[in-house]
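Undergrad: The following file, run-v2.json, comprises JSON, C-alpha atoms:
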[["chain", "number", "residue", "atom", "x", "y", "z"],
["Q", 1, "VAL", "CA", -36.12, -13.90, -88.14],
["Q", 2, "GLU", "CA", -39.76, -12.97, -87.54],
["Q", 3, "TYR", "CA", -40.64, -16.62, -86.94],
["Q", 4, "ARG", "CA", -37.83, -16.94, -84.37],
["Q", 5, "ARG", "CA", -39.05, -13.88, -82.49],
["Q", 6, "GLU", "CA", -42.57, -15.31, -82.27],
["Q", 7, "THR", "CA", -41.24, -18.67, -81.13],
["Q", 8, "LEU", "CA", -39.13, -17.16, -78.39],
["Q", 9, "GLY", "CA", -41.96, -14.87, -77.37],
["Q", 10, "ASN", "CA", -44.26, -17.84, -76.76],
["Q", 11, "GLN", "CA", -41.77, -19.61, -74.47],
["Q", 12, "GLN", "CA", -42.37, -19.74, -70.73],
["Q", 13, "THR", "CA", -39.84, -19.80, -67.95],
["Q", 14, "LEU", "CA", -39.77, -22.20, -65.02],
["Q", 15, "PHE", "CA", -41.15, -19.52, -62.69],
["Q", 16, "ASP", "CA", -43.96, -18.10, -64.83],
["Q", 17, "ASP", "CA", -46.68, -19.82, -62.75],
["Q", 18, "VAL", "CA", -45.14, -18.92, -59.39],
["Q", 19, "GLU", "CA", -46.89, -16.13, -57.53],
["Q", 20, "ASP", "CA", -44.89, -13.15, -56.37],
["Q", 21, "VAL", "CA", -44.62, -14.03, -52.71],
["Q", 22, "GLN", "CA", -42.28, -12.41, -50.23],
["Q", 23, "ALA", "CA", -41.19, -14.79, -47.50],
["Q", 24, "THR", "CA", -39.32, -14.19, -44.29],
["Q", 25, "PHE", "CA", -37.20, -16.77, -42.52],
["Q", 26, "ASP", "CA", -36.32, -16.94, -38.87],
["Q", 27, "ILE", "CA", -32.80, -18.35, -38.96],
["Q", 28, "GLN", "CA", -31.45, -19.71, -35.69],
["Q", 29, "PHE", "CA", -27.68, -19.66, -35.55],
["Q", 30, "PRO", "CA", -26.05, -22.20, -33.23],
["Q", 31, "HIS", "CA", -24.29, -20.89, -30.14],
["Q", 32, "CYS", "CA", -20.53, -20.69, -30.58],
["Q", 33, "ASP", "CA", -18.00, -19.85, -27.92],
["Q", 34, "PRO", "CA", -15.77, -16.87, -28.73],
["Q", 35, "TRP", "CA", -12.48, -17.75, -30.35],
["Q", 36, "THR", "CA", -9.42, -17.60, -28.18],
["Q", 37, "SER", "CA", -6.84, -14.98, -29.08],
["Q", 38, "LEU", "CA", -4.45, -17.68, -30.30],
["Q", 39, "HIS", "CA", -7.08, -19.36, -32.49],
["Q", 40, "LYS", "CA", -8.04, -16.01, -34.03],
["Q", 41, "LEU", "CA", -4.41, -15.22, -34.83],
["Q", 42, "GLN", "CA", -3.84, -18.68, -36.30],
["Q", 43, "THR", "CA", -6.85, -18.24, -38.57],
["Q", 44, "GLU", "CA", -5.59, -14.83, -39.68],
["Q", 45, "LYS", "CA", -2.22, -16.33, -40.59],
["Q", 46, "GLU", "CA", -3.86, -19.24, -42.44],
["Q", 47, "VAL", "CA", -6.27, -17.08, -44.45],
["Q", 48, "LEU", "CA", -4.26, -13.89, -44.98],
["Q", 49, "GLY", "CA", -0.71, -15.15, -44.69],
["Q", 50, "CYS", "CA", 0.11, -12.75, -41.84],
["Q", 51, "TYR", "CA", -1.08, -11.68, -38.40],
["Q", 52, "ILE", "CA", -3.38, -8.63, -38.29],
["Q", 53, "THR", "CA", -4.68, -8.08, -34.75],
["Q", 54, "GLY", "CA", -1.54, -9.12, -32.88],
["Q", 55, "HIS", "CA", 1.10, -11.83, -32.56],
["Q", 56, "PRO", "CA", 0.97, -15.13, -30.62],
["Q", 57, "LEU", "CA", 4.08, -14.05, -28.70],
["Q", 58, "ASP", "CA", 2.69, -10.68, -27.57],
["Q", 59, "ASP", "CA", 1.67, -12.12, -24.19],
["Q", 60, "TYR", "CA", 5.28, -13.14, -23.57],
["Q", 61, "TYR", "CA", 6.98, -9.90, -24.58],
["Q", 62, "VAL", "CA", 8.49, -9.28, -21.13],
["Q", 63, "GLU", "CA", 9.90, -12.81, -20.87],
["Q", 64, "ILE", "CA", 11.33, -12.69, -24.39],
["Q", 65, "ASN", "CA", 12.83, -9.24, -23.96],
["Q", 66, "SER", "CA", 14.37, -10.23, -20.63],
["Q", 67, "PHE", "CA", 15.65, -13.76, -21.18],
["Q", 68, "TYR", "CA", 15.66, -14.60, -24.91],
["Q", 69, "LYS", "CA", 17.89, -12.16, -26.77],
["Q", 70, "GLY", "CA", 18.64, -14.47, -29.69],
["Q", 71, "SER", "CA", 16.70, -14.87, -32.92],
["Q", 72, "ILE", "CA", 16.40, -17.48, -35.62],
["Q", 73, "SER", "CA", 18.26, -15.22, -38.04],
["Q", 74, "ASP", "CA", 21.37, -15.77, -35.86],
["Q", 75, "LEU", "CA", 21.48, -19.36, -37.08],
["Q", 76, "SER", "CA", 22.34, -18.27, -40.63],
["Q", 77, "TYR", "CA", 24.94, -15.66, -39.63],
["Q", 78, "LEU", "CA", 28.46, -17.08, -39.63],
["Q", 79, "PRO", "CA", 30.05, -14.85, -36.93],
["Q", 80, "ARG", "CA", 27.13, -15.65, -34.64],
["Q", 81, "LEU", "CA", 27.51, -19.38, -35.25],
["Q", 82, "LYS", "CA", 31.21, -19.16, -34.34],
["Q", 83, "PHE", "CA", 30.29, -17.24, -31.18],
["Q", 84, "MET", "CA", 27.71, -19.87, -30.25],
["Q", 85, "GLN", "CA", 30.33, -22.59, -30.05],
["Q", 86, "THR", "CA", 31.30, -21.33, -26.60],
["Q", 87, "ASN", "CA", 28.39, -18.97, -25.83],
["Q", 88, "PRO", "CA", 24.92, -20.52, -26.00],
["Q", 89, "ILE", "CA", 22.05, -18.26, -27.04],
["Q", 90, "LYS", "CA", 18.38, -18.36, -26.09],
["Q", 91, "ILE", "CA", 15.54, -18.15, -28.61],
["Q", 92, "ALA", "CA", 11.80, -18.04, -28.01],
["Q", 93, "GLY", "CA", 9.05, -18.87, -30.47],
["Q", 94, "ILE", "CA", 5.88, -20.76, -31.23],
["Q", 95, "ILE", "CA", 6.02, -24.32, -32.53],
["Q", 96, "THR", "CA", 4.24, -24.46, -35.90],
["Q", 97, "SER", "CA", 4.67, -28.18, -36.62],
["Q", 98, "ALA", "CA", 6.15, -31.25, -34.96],
["Q", 99, "THR", "CA", 6.66, -34.83, -36.13],
["Q", 100, "LEU", "CA", 8.08, -37.79, -34.23],
["Q", 101, "ARG", "CA", 10.01, -40.02, -36.63],
["Q", 102, "THR", "CA", 12.03, -43.22, -36.48],
["Q", 103, "THR", "CA", 15.52, -43.93, -37.78],
["Q", 104, "ASN", "CA", 16.48, -47.06, -39.73],
["Q", 105, "ASP", "CA", 17.60, -48.71, -36.50],
["Q", 106, "ASN", "CA", 14.19, -47.98, -34.90],
["Q", 107, "LYS", "CA", 15.24, -45.03, -32.73],
["Q", 108, "GLU", "CA", 12.97, -42.02, -32.30],
["Q", 109, "PHE", "CA", 13.91, -38.47, -33.27],
["Q", 110, "MET", "CA", 11.83, -35.28, -33.30],
["Q", 111, "VAL", "CA", 11.53, -32.76, -36.11],
["Q", 112, "PHE", "CA", 9.81, -29.47, -35.32],
["Q", 113, "LYS", "CA", 9.58, -25.95, -36.74],
["Q", 114, "LEU", "CA", 9.82, -22.84, -34.60],
["Q", 115, "GLU", "CA", 8.68, -19.35, -35.57],
["Q", 116, "ASP", "CA", 10.08, -16.36, -33.67],
["Q", 117, "TYR", "CA", 8.78, -12.82, -33.13],
["Q", 118, "GLU", "CA", 10.21, -11.64, -36.47],
["Q", 119, "GLY", "CA", 8.37, -14.36, -38.36],
["Q", 120, "GLU", "CA", 11.56, -16.30, -39.11],
["Q", 121, "VAL", "CA", 11.12, -20.09, -39.17],
["Q", 122, "HIS", "CA", 13.74, -22.77, -38.56],
["Q", 123, "GLU", "CA", 13.50, -26.55, -38.55],
["Q", 124, "PHE", "CA", 15.14, -28.25, -35.57],
["Q", 125, "ARG", "CA", 15.92, -31.92, -34.94],
["Q", 126, "MET", "CA", 16.38, -33.70, -31.64],
["Q", 127, "TYR", "CA", 17.96, -37.11, -31.22],
["Q", 128, "LYS", "CA", 18.67, -39.63, -28.46],
["Q", 129, "GLU", "CA", 18.52, -38.27, -24.90],
["Q", 130, "THR", "CA", 17.50, -34.78, -26.03],
["Q", 131, "CYS", "CA", 14.51, -36.21, -27.89],
["Q", 132, "MET", "CA", 13.47, -38.32, -24.92],
["Q", 133, "LYS", "CA", 13.74, -35.34, -22.57],
["Q", 134, "TYR", "CA", 11.89, -32.68, -24.55],
["Q", 135, "LYS", "CA", 9.64, -34.43, -27.09],
["Q", 136, "HIS", "CA", 6.58, -33.88, -24.85],
["Q", 137, "LEU", "CA", 7.03, -30.12, -25.36],
["Q", 138, "CYS", "CA", 6.96, -30.39, -29.16],
["Q", 139, "VAL", "CA", 3.29, -29.67, -29.72],
["Q", 140, "PRO", "CA", 1.99, -27.27, -32.41],
["Q", 141, "ASN", "CA", 0.95, -23.84, -31.10],
["Q", 142, "ILE", "CA", 2.96, -24.23, -27.88],
["Q", 143, "VAL", "CA", 5.24, -21.29, -27.02],
["Q", 144, "VAL", "CA", 8.69, -22.41, -25.87],
["Q", 145, "GLY", "CA", 12.13, -21.06, -25.12],
["Q", 146, "ILE", "CA", 15.20, -23.00, -26.19],
["Q", 147, "THR", "CA", 18.89, -22.72, -25.39],
["Q", 148, "LEU", "CA", 21.12, -23.43, -28.38],
["Q", 149, "LYS", "CA", 24.78, -24.10, -29.03],
["Q", 150, "SER", "CA", 26.53, -24.54, -32.36],
["Q", 151, "LYS", "CA", 28.97, -27.34, -33.13],
["Q", 152, "LEU", "CA", 31.16, -28.13, -36.09],
["Q", 153, "GLY", "CA", 30.11, -31.05, -38.22],
["Q", 154, "TYR", "CA", 32.07, -34.29, -38.34],
["Q", 155, "GLY", "CA", 33.84, -33.55, -41.60],
["Q", 156, "LYS", "CA", 33.45, -34.61, -45.21],
["Q", 157, "LYS", "CA", 35.09, -37.33, -47.27],
["Q", 158, "ASN", "CA", 37.37, -36.18, -50.08],
["Q", 159, "GLU", "CA", 37.85, -37.96, -53.41],
["Q", 160, "LYS", "CA", 40.16, -40.49, -51.69],
["Q", 161, "GLY", "CA", 37.56, -41.36, -49.08],
["Q", 162, "VAL", "CA", 39.47, -39.64, -46.29],
["Q", 163, "VAL", "CA", 37.39, -37.60, -43.81],
["Q", 164, "VAL", "CA", 38.59, -34.00, -43.87],
["Q", 165, "PRO", "CA", 37.73, -31.77, -40.87],
["Q", 166, "LEU", "CA", 35.46, -28.83, -41.63],
["Q", 167, "SER", "CA", 37.03, -25.38, -41.60],
["Q", 168, "GLY", "CA", 34.12, -23.62, -39.92],
["Q", 169, "ASP", "CA", 34.17, -20.87, -42.53],
["Q", 170, "ASP", "CA", 30.75, -21.73, -43.91],
["Q", 171, "VAL", "CA", 27.37, -21.71, -42.16],
["Q", 172, "ASN", "CA", 26.77, -25.24, -43.45],
["Q", 173, "ASP", "CA", 29.76, -26.49, -41.46],
["Q", 174, "TYR", "CA", 27.75, -26.16, -38.24],
["Q", 175, "TYR", "CA", 24.84, -27.97, -36.69],
["Q", 176, "ILE", "CA", 22.63, -26.73, -33.85],
["Q", 177, "ASP", "CA", 22.54, -28.56, -30.54],
["Q", 178, "ILE", "CA", 19.54, -28.03, -28.24],
["Q", 179, "MET", "CA", 20.77, -27.75, -24.66],
["Q", 180, "ASN", "CA", 17.51, -26.85, -22.94],
["Q", 181, "MET", "CA", 13.83, -26.40, -23.76],
["Q", 182, "GLU", "CA", 11.07, -24.98, -21.58],
["Q", 183, "LEU", "CA", 7.55, -23.62, -21.70],
["Q", 184, "LEU", "CA", 7.61, -19.84, -21.82],
["Q", 185, "GLU", "CA", 4.66, -19.63, -19.43],
["Q", 186, "ASP", "CA", 6.85, -21.17, -16.71],
["Q", 187, "VAL", "CA", 9.83, -18.87, -17.23],
["Q", 188, "ALA", "CA", 8.62, -16.00, -15.06],
["Q", 189, "ASN", "CA", 8.09, -18.26, -12.05],
["Q", 190, "ASP", "CA", 11.34, -20.17, -12.54],
["Q", 191, "GLN", "CA", 13.77, -17.37, -13.37],
["Q", 192, "VAL", "CA", 12.45, -14.13, -11.87],
["Q", 193, "LYS", "CA", 13.82, -13.90, -8.33],
["Q", 194, "THR", "CA", 13.67, -10.18, -7.58],
["Q", 195, "ILE", "CA", 12.16, -7.03, -9.09],
["Q", 196, "GLU", "CA", 13.85, -3.65, -8.80],
["Q", 197, "ILE", "CA", 11.72, -0.50, -8.98],
["Q", 198, "SER", "CA", 13.34, 2.89, -9.45],
["Q", 199, "VAL", "CA", 11.29, 5.97, -8.48],
["Q", 200, "LEU", "CA", 11.96, 9.55, -7.57],
["Q", 201, "SER", "CA", 11.99, 10.21, -3.83],
["Q", 202, "SER", "CA", 9.55, 13.05, -4.39],
["Q", 203, "ASP", "CA", 6.98, 10.55, -5.71],
["Q", 204, "VAL", "CA", 7.09, 8.34, -2.62],
["Q", 205, "ASP", "CA", 4.40, 8.86, 0.01],
["Q", 206, "SER", "CA", 2.34, 6.60, 2.26],
["Q", 207, "LYS", "CA", -0.24, 5.93, -0.46],
["Q", 208, "TYR", "CA", 2.49, 4.94, -2.93],
["Q", 209, "VAL", "CA", 4.02, 2.55, -0.42],
["Q", 210, "GLU", "CA", 0.66, 0.91, 0.26],
["Q", 211, "ASN", "CA", 0.10, 0.39, -3.46],
["Q", 212, "ILE", "CA", 3.50, -1.28, -3.78],
["Q", 213, "LYS", "CA", 2.70, -3.59, -0.88],
["Q", 214, "ARG", "CA", -0.55, -4.68, -2.54],
["Q", 215, "ILE", "CA", 1.37, -5.65, -5.70]]
Output the file's structure in the form of structure tokens.
TA:
Amino acid sequence: VEYRRETLGNQQTLFDDVEDVQATFDIQFPHCDPWTSLHKLQTEKEVLGCYITGHPLDDYYVEINSFYKGSISDLSYLPRLKFMQTNPIKIAGIITSATLRTTNDNKEFMVFKLEDYEGEVHEFRMYKETCMKYKHLCVPNIVVGITLKSKLGYGKKNEKGVVVPLSGDDVNDYYIDIMNMELLEDVANDQVKTIEISVLSSDVDSKYVENIKRI
């Protein structure tokens, strides 16, 4: 044991001959443009799994609250699906992914995922004319509004190979048809025709009127 202590005591480290020198470094960080609000929120969601400082749809709250009353959760609620057969609903959200695919007979169809204000996500598919008309809008991080209608499926074959019509009593009996798709940033200009302002007569004076005119 004594021999081992002496042996270890005579050992030197790699830095024994290095003088105790304190150095300072002038580090030059490259210039970086500030992140956009959307990029910051996307990074929060990617790293933390949720948004912290806001939501990508916050800038469109007025448009959503005025024109898009539906939500993705409606698409898994049977009474709502039955209602949608004759009463289309409107849903707004941000596209999180989009892929243009090809069928076996070489026809394009679009698959994209939409996330709404509540954080619900649904995968949509567009075929034929609908795909051709709206595929240019299916870009990740684009905020869109879509008009949807539900339709019963084409039926299922029984054990005899006969196609039996679906009853419509199960959410899986329906498929979602996209009737319209638009950029949410264009909605205000396209759909807002008039604005009504309600004020008390006692609050109206010449200065108030001039302020309204400037708006």
Undergrad: With distances taken over all atoms listed in the file, which residue among Q:Gly155, Q:Met132, Q:Ile195, Q:Glu120 lies nearest Ser76 of chain Q?
TA: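 For Ser76 of chain Q, the nearest of the given residues is Q:Glu120.
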Undergrad: In terms of the shortest atom-to-atom distance over all atoms listed in the file, which of Q:Asn172, Q:Gln42, Q:Asn211, Q:Ser198 is closest to Thr96 of chain Q?
TA: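 Ranking Q:Asn172, Q:Gln42, Q:Asn211, Q:Ser198 by distance to Thr96 of chain Q, first place goes to Q:Gln42.
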Undergrad: Would you list the contacts of segment 101-107 of chain Q as a ChimeraX atom specification, taking every protein, DNA or RNA residue within 12 Å and counting only C-alpha atoms, but skipping same-chain residues closer than 6 positions in sequence?
TA: /Q:125-129,131-132,135
Undergrad: Separation of atom CA of Ser150 of chain Q and atom CA of Asp170 of chain Q, in Å?
TA: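 According to the coordinates, atom CA of Ser150 of chain Q and atom CA of Asp170 of chain Q are separated by 12.6 Å.
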Undergrad: Distance atom CA of Ala98 of chain Q-atom CA of Thr36 of chain Q, one decimal place?
TA: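 Atom CA of Thr36 of chain Q lies 21.8 Å from atom CA of Ala98 of chain Q.
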Undergrad: Using all atoms listed in the file, can you list as a PyMOL selection string the residues within 12 Å of (25.2, -19.5, -40.3)?
TA: chain Q and resi 72-85+150-152+168-176
Undergrad: Mind dumping the selected residues with C-alpha atoms as an mmCIF file, in the frame of the given file?
TA:
data_model
loop_
_atom_site.group_PDB
_atom_site.id
_atom_site.type_symbol
_atom_site.label_atom_id
_atom_site.label_comp_id
_atom_site.auth_asym_id
_atom_site.auth_seq_id
_atom_site.Cartn_x
_atom_site.Cartn_y
_atom_site.Cartn_z
ATOM 1 C CA ILE Q 72 16.400 -17.480 -35.620
ATOM 2 C CA SER Q 73 18.260 -15.220 -38.040
ATOM 3 C CA ASP Q 74 21.370 -15.770 -35.860
ATOM 4 C CA LEU Q 75 21.480 -19.360 -37.080
ATOM 5 C CA SER Q 76 22.340 -18.270 -40.630
ATOM 6 C CA TYR Q 77 24.940 -15.660 -39.630
ATOM 7 C CA LEU Q 78 28.460 -17.080 -39.630
ATOM 8 C CA PRO Q 79 30.050 -14.850 -36.930
ATOM 9 C CA ARG Q 80 27.130 -15.650 -34.640
ATOM 10 C CA LEU Q 81 27.510 -19.380 -35.250
ATOM 11 C CA LYS Q 82 31.210 -19.160 -34.340
ATOM 12 C CA PHE Q 83 30.290 -17.240 -31.180
ATOM 13 C CA MET Q 84 27.710 -19.870 -30.250
ATOM 14 C CA GLN Q 85 30.330 -22.590 -30.050
ATOM 15 C CA SER Q 150 26.530 -24.540 -32.360
ATOM 16 C CA LYS Q 151 28.970 -27.340 -33.130
ATOM 17 C CA LEU Q 152 31.160 -28.130 -36.090
ATOM 18 C CA GLY Q 168 34.120 -23.620 -39.920
ATOM 19 C CA ASP Q 169 34.170 -20.870 -42.530
ATOM 20 C CA ASP Q 170 30.750 -21.730 -43.910
ATOM 21 C CA VAL Q 171 27.370 -21.710 -42.160
ATOM 22 C CA ASN Q 172 26.770 -25.240 -43.450
ATOM 23 C CA ASP Q 173 29.760 -26.490 -41.460
ATOM 24 C CA TYR Q 174 27.750 -26.160 -38.240
ATOM 25 C CA TYR Q 175 24.840 -27.970 -36.690
ATOM 26 C CA ILE Q 176 22.630 -26.730 -33.850
#
Undergrad: Rounded to one decimal, what separation in Å do you get between atom CA of Val187 of chain Q and atom CA of Tyr208 of chain Q?
TA: 28.7 Å
Undergrad: For Glu118 of chain Q, please output as a list in words all residues within 12 Å (counting only C-alpha atoms; exclusion window: fewer than 5 positions along the same chain).
TA: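 With the cut-off at 12 Å, the set is Cys50, Tyr51, His55, Pro56, Leu57, Asp58, Gly70, Ser71, Ile72, Ser73, Asp74, Ile91, Ala92, Gly93 and Ile94 of chain Q.
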Undergrad: Please tell me which residues are no farther than 12 Å from (23.0, -28.6, -20.3) in the file, counting all atoms listed in the file, and write them as a tab-separated table (two decimals) with C-alpha atoms, keeping the file's coordinate frame.
TA:
chain	number	residue	atom	x	y	z
Q	88	PRO	CA	24.92	-20.52	-26.00
Q	129	GLU	CA	18.52	-38.27	-24.90
Q	130	THR	CA	17.50	-34.78	-26.03
Q	133	LYS	CA	13.74	-35.34	-22.57
Q	146	ILE	CA	15.20	-23.00	-26.19
Q	147	THR	CA	18.89	-22.72	-25.39
Q	148	LEU	CA	21.12	-23.43	-28.38
Q	149	LYS	CA	24.78	-24.10	-29.03
Q	177	ASP	CA	22.54	-28.56	-30.54
Q	178	ILE	CA	19.54	-28.03	-28.24
Q	179	MET	CA	20.77	-27.75	-24.66
Q	180	ASN	CA	17.51	-26.85	-22.94
Q	181	MET	CA	13.83	-26.40	-23.76
Undergrad: Between Q:Thr99, Q:Ser167, Q:Thr24, Q:Ser66, which one has atoms that come closest to Tyr154 of chain Q, using only C-alpha atoms?
TA: Q:Ser167
Undergrad: Hey, what's within 10 Å of Ile52 of chain Q if we count all atoms listed in the file and toss same-chain stuff fewer than 6 positions away? As a count of residues only, please?
TA: 4
